[in-house]
Amino acid sequence: MKKNLLFLMVDQMHGQVLDENNPCLTPNLDKLAKRGVKFNKAHTANPVCSPARASIMTGLLPHNHGVTTVTHTVDKDQSNLRTEKEHWAQRLKNDGYNTAYFGKWHVERTNKLEDFGWDTYSLQDATSASLGGSPWGKGKIAKFNEANKKHKDSIDKSKPHLFIDNPPGYKTTPFYGISTLDTNERVLGLVSNKAQEFLNAEKGDQPWACFVSVIEPHDPFISTKKFYDMYENIDLKLPKSFNDDFNDKPNIYKRGKKVFEKMTEQDHIESIRNYYAMITEIDYEYGKIIDLLEEKGELDNTLIIFTSDHGEALASHGIYAKNLAAFEEIYRIPMIISGPDIKKEKVSEDLVSSMDLCPTILDLLESEEIKNIDSISFKNILCTDEVNTIDKCFAEYDGTRLQLKQRVLWYKNLKYIFNGFDFDELYDLEADPNELINVIDSGNYQKDKKEIIKLYWDELKKNGDHTIYNLDNNPVMKIIEFGPNE
């Protein structure tokens with residue numbers, strides 16, 4: 001009997017939320033973690049939506065699958081998915097799976113999911129005029145988009161809220177607040193209900209794969225009062241890195257921080273409170289989906305994956321969102337996997353990547369592998385007692401709107417950040433988990449720096465990142481202190 005797959009995706013949730021002693025309330029995700037493996041050091045392949053999601057689907061780094069930035073910020077002939085690249089859903093469909101996708105897609109711009117292995121789909125962010133053979137129809141897209149707009153317009157002005165109006169001359173941006181809408185009127189509720197309809201539908205003996213993707217807890221941080229009120233008596237604090245002066249970090253980080261300089265301490269606390277409340281609301285809805293599987297007797301035969309496309313700074317170092325910096329709050333993502341043959345109550349410190357989910361899914365569901373990809377299956381970590389077998393992880397970023405080439409390499413306790421726009425960064429995450437001290441020029445870390453830069457060049461060569469690797473004929477671009485031939 002083939003296993004089913006339930007993939008639960010969120011947008012812009014950082015992995016710190018699931019850390020022990022974090023005040024965010026996630027009872028259903030905690031319960032899911034007890035049924036499977038929770039990863040404490042999972043990282044995204046890219047810190048923005050489209051590239052990260054395309055990497056999850058293809059197992060490739062962005063420069064290899066072609067989507068290097070979010071698709072709606074560039075012209076139609078830019079950042080296009082290379083359609084010859086295979087997706088794991090195509091493999092499952094070929095194996096006889098009934099495949100369904102609900103919510104935010106944002107992998108590529110055609111929104112024709114039938115081309116990528118999905119039989120049934122209903123999208124939150126679709127812009128195409130046709131959905132091919134989907135039974136859900138264009139009206140469902142309109143309803144999703146209407147709900148998305150209502151979500152952003154729903155801030156209750158009689159309750160704590162904030163609109164960012166700094167610097168002057170830009171449009172005012174909603175930032176946090178309490179919604180006047182109920183969950184079922186928001187995209188979260190609509191997507192959750194569609195997924196439950198699919199799971200309740202008669203499918204006979206056919207195995208299924210269902211992908212559920214919501215826009216929350218992406219900014220603006222607008223929560224519903226029911227979940228906001230759950231944090232009334234919980235003491236929320238600013239991140240330990242909040243007052244970072246950025247004196248040892250690239251100057252553009254300071255420029256980005258100025259946007260939030262008018263916010264009061266209470267504004268920052270309210271932002272965190274609404275963000276956590278949104279996550280608790282997600283937890284509640286995803287809990288209903290998991291409970292439905294249990295009621296139907298399908299839970300024990302279903303592989304469940306919970307993760308996010310990327311993280312959220314959430315006042316760490318005094319900034320929000322992503323786009324500029326490479327801090328752990330932005331790159332480290334939540335990841336929980338449970339299901340048949342997977343160990344229970346296991347916590348992994350392995351440095352896995354979100355793009356590794358592609359080969360891992362195919363491995364776990366015994367489907368044909370996709371060859372020549374940048375990722376590896378970590379099935380052994382899930383299904384055996386193996387621990388700490390993956391000690392290296394790599395991510396890349398080419399900027400969104402602002403073209404800032406950045407490459408990130410984690411190796412054991414070290415984190416090296418190549419910044420093509422300024423000086424590099426090196427952090428010892430064991431000694432300095434809050435990334436307050438950039439040790440790139442520290443005498444105590446020169447041996448470590450040389451080792452990790454060598455690994456960095458090896459990684460670029462292996463994954464074919466020729467835009468950076470082949471700089472021999474461009475003298476002014478030889479900005480790292482030693483090259484790949486050292």
# chains A, B, ... in the order shown; residues from 1 in each chain; ligands from 1
$ residues_around --residues "A:Thr280" --least-positions-apart "4" --cutoff "12 Å" --atoms "only C-alpha atoms" --output "ChimeraX atom specification"
/A:13,17-18,23-30,183,188,216-217,223-231,273-276,284-287
$ residues_around --residues "A:Ala325" --least-positions-apart "4" --cutoff "10 Å" --atoms "only C-alpha atoms" --output "VMD selection string"
chain A and resid 47 249 to 250 252 to 253 256 313 317 319 to 321 329 to 331 404 406 417 419
$ select_by_dssp --residues "stretch 64-279 of chain A" --states "alpha helix (DSSP H)" --output "VMD selection string"
chain A and resid 64 to 65 88 to 94 138 to 152 187 to 200 225 to 228 251 to 257 265 to 279
$ residues_around --residues "stretch 349-366 of chain A" --least-positions-apart "2" --cutoff "9 Å" --atoms "only C-alpha atoms" --output "PyMOL selection string"
chain A and resi 2-5+38-46+52-61+87-88+91-92+303+307-310+333+335+341+347+368-370+373-379+381+387-395+410-412
$ residues_around --residues "A:Gly464" --least-positions-apart "3" --cutoff "12 Å" --atoms "only C-alpha atoms" --output "MDAnalysis selection string"
chainID A and resid 60:65 372:374 457:461 467:470
$ closest_atom_pairs --of "stretch 29-110 of chain A" --to "stretch 191-205 of chain A" --cutoff "8 Å" --atoms "only C-alpha atoms" --output "CSV"
residue,atom,partner,partner_atom,distance
A:Ala100,CA,A:Phe198,CA,7.8
A:Phe102,CA,A:Val191,CA,5.9
A:Gly103,CA,A:Val191,CA,5.4
$ residues_around --residues "A:Tyr170" --least-positions-apart "6" --cutoff "12 Å" --atoms "only C-alpha atoms" --output "compact mmCIF listing (two decimals) with N, CA and C atoms, in the first residue's frame"
# COMPACT_ATOMS: atom_id res chain seq x y z
N PHE A 163 0.86 51.66 10.97
CA PHE A 163 1.14 51.81 9.55
C PHE A 163 2.50 52.48 9.43
N ILE A 164 3.42 51.84 8.71
CA ILE A 164 4.77 52.40 8.55
C ILE A 164 4.72 53.59 7.58
N VAL A 259 14.17 52.29 8.46
CA VAL A 259 12.73 52.25 8.18
C VAL A 259 11.94 52.09 9.48
$ atom_distance --atom1 "atom CA of A:Asn434" --atom2 "atom CA of A:Ser316"
8.5 Å
$ closest_residue --among "A:Leu190, A:Asn474, A:Phe246, A:Leu324" --to "A:Gln403" --atoms "only C-alpha atoms"
A:Leu324
$ closest_residue --among "A:His14, A:Arg35, A:His72, A:Lys258" --to "A:Asp165" --atoms "only C-alpha atoms"
A:Lys258
$ select_by_dssp --residues "stretch 134-286 of chain A" --states "strand (DSSP E or B)" --output "ChimeraX atom specification"
/A:155,162-164,173-179,208-213,221-224
$ residues_around --residues "A:Asn98" --least-positions-apart "6" --cutoff "7 Å" --atoms "only C-alpha atoms" --output "list in words"
Asp119, Gln206, Pro207, Trp208 and Ala209 of chain A
$ write_last_selection --atoms "N, CA and C atoms" --output "short mmCIF file (atom, residue, chain, number, x, y, z; two decimals), in the first residue's frame"
data_model
loop_
_atom_site.label_atom_id
_atom_site.label_comp_id
_atom_site.auth_asym_id
_atom_site.auth_seq_id
_atom_site.Cartn_x
_atom_site.Cartn_y
_atom_site.Cartn_z
N ASP A 119 -2.86 17.49 -10.35
CA ASP A 119 -4.14 17.21 -11.00
C ASP A 119 -5.18 18.27 -10.67
N GLN A 206 -6.69 4.85 -4.43
CA GLN A 206 -5.64 5.65 -5.05
C GLN A 206 -4.89 6.46 -4.00
N PRO A 207 -3.56 6.39 -3.98
CA PRO A 207 -2.80 7.23 -3.04
C PRO A 207 -2.91 8.70 -3.44
N TRP A 208 -2.72 9.58 -2.48
CA TRP A 208 -2.86 11.01 -2.78
C TRP A 208 -1.69 11.81 -2.19
N ALA A 209 -1.49 12.97 -2.79
CA ALA A 209 -0.51 13.94 -2.29
C ALA A 209 -1.19 15.29 -2.27
#
$ atom_distance --atom1 "atom CA of A:Val107" --atom2 "atom CA of A:Asn80"
9.4 Å
$ closest_residue --among "A:Leu455, A:Ile342, A:Ile269, A:Met263" --to "A:Asn380" --atoms "only C-alpha atoms"
A:Ile342
$ closest_residue --among "A:Ile437, A:Val187, A:Leu162, A:Ile222" --to "A:Thr264" --atoms "only C-alpha atoms"
A:Leu162
$ residues_around --residues "A:Leu293" --least-positions-apart "4" --cutoff "9 Å" --atoms "only C-alpha atoms" --output "JSON, numbers by chain"
{"A": [199, 200, 288, 289, 297, 298, 299, 300, 302]}
$ atom_distance --atom1 "atom CA of A:Gln446" --atom2 "atom CA of A:Phe423"
15.5 Å
$ closest_residue --among "A:Glu295, A:Asp115, A:Glu430, A:Glu425" --to "A:Ile453" --atoms "only C-alpha atoms"
A:Glu425
$ closest_residue --among "A:Lys344, A:Lys478, A:Arg186, A:Lys237" --to "A:Glu146" --atoms "only C-alpha atoms"
A:Arg186
$ decode --residues "stretch 458-470 of chain A" --atoms "N, CA and C atoms" --output "compact mmCIF listing (two decimals), in the first residue's frame"
# COMPACT_ATOMS: atom_id res chain seq x y z
N ASP A 458 34.61 25.23 -3.14
CA ASP A 458 34.26 23.87 -3.55
C ASP A 458 32.76 23.75 -3.85
N GLU A 459 31.96 24.42 -3.01
CA GLU A 459 30.50 24.37 -3.19
C GLU A 459 30.10 25.06 -4.49
N LEU A 460 30.70 26.21 -4.78
CA LEU A 460 30.37 26.91 -6.03
C LEU A 460 30.73 26.07 -7.25
N LYS A 461 31.87 25.41 -7.18
CA LYS A 461 32.29 24.56 -8.30
C LYS A 461 31.33 23.39 -8.48
N LYS A 462 30.94 22.79 -7.37
CA LYS A 462 30.06 21.62 -7.42
C LYS A 462 28.69 21.97 -7.99
N ASN A 463 28.12 23.10 -7.58
CA ASN A 463 26.77 23.43 -8.04
C ASN A 463 26.74 24.30 -9.29
N GLY A 464 27.91 24.57 -9.86
CA GLY A 464 27.96 25.27 -11.15
C GLY A 464 27.62 26.74 -11.10
N ASP A 465 27.96 27.39 -10.00
CA ASP A 465 27.67 28.83 -9.86
C ASP A 465 28.78 29.62 -10.55
N HIS A 466 28.79 29.57 -11.88
CA HIS A 466 29.93 30.10 -12.63
C HIS A 466 30.00 31.62 -12.61
N THR A 467 28.89 32.31 -12.28
CA THR A 467 28.95 33.77 -12.24
C THR A 467 29.92 34.28 -11.19
N ILE A 468 30.11 33.49 -10.13
CA ILE A 468 31.05 33.89 -9.08
C ILE A 468 32.34 33.09 -9.18
N TYR A 469 32.22 31.81 -9.53
CA TYR A 469 33.40 30.93 -9.50
C TYR A 469 34.44 31.34 -10.54
N ASN A 470 34.00 31.71 -11.73
CA ASN A 470 34.94 32.01 -12.81
C ASN A 470 35.20 33.51 -12.91
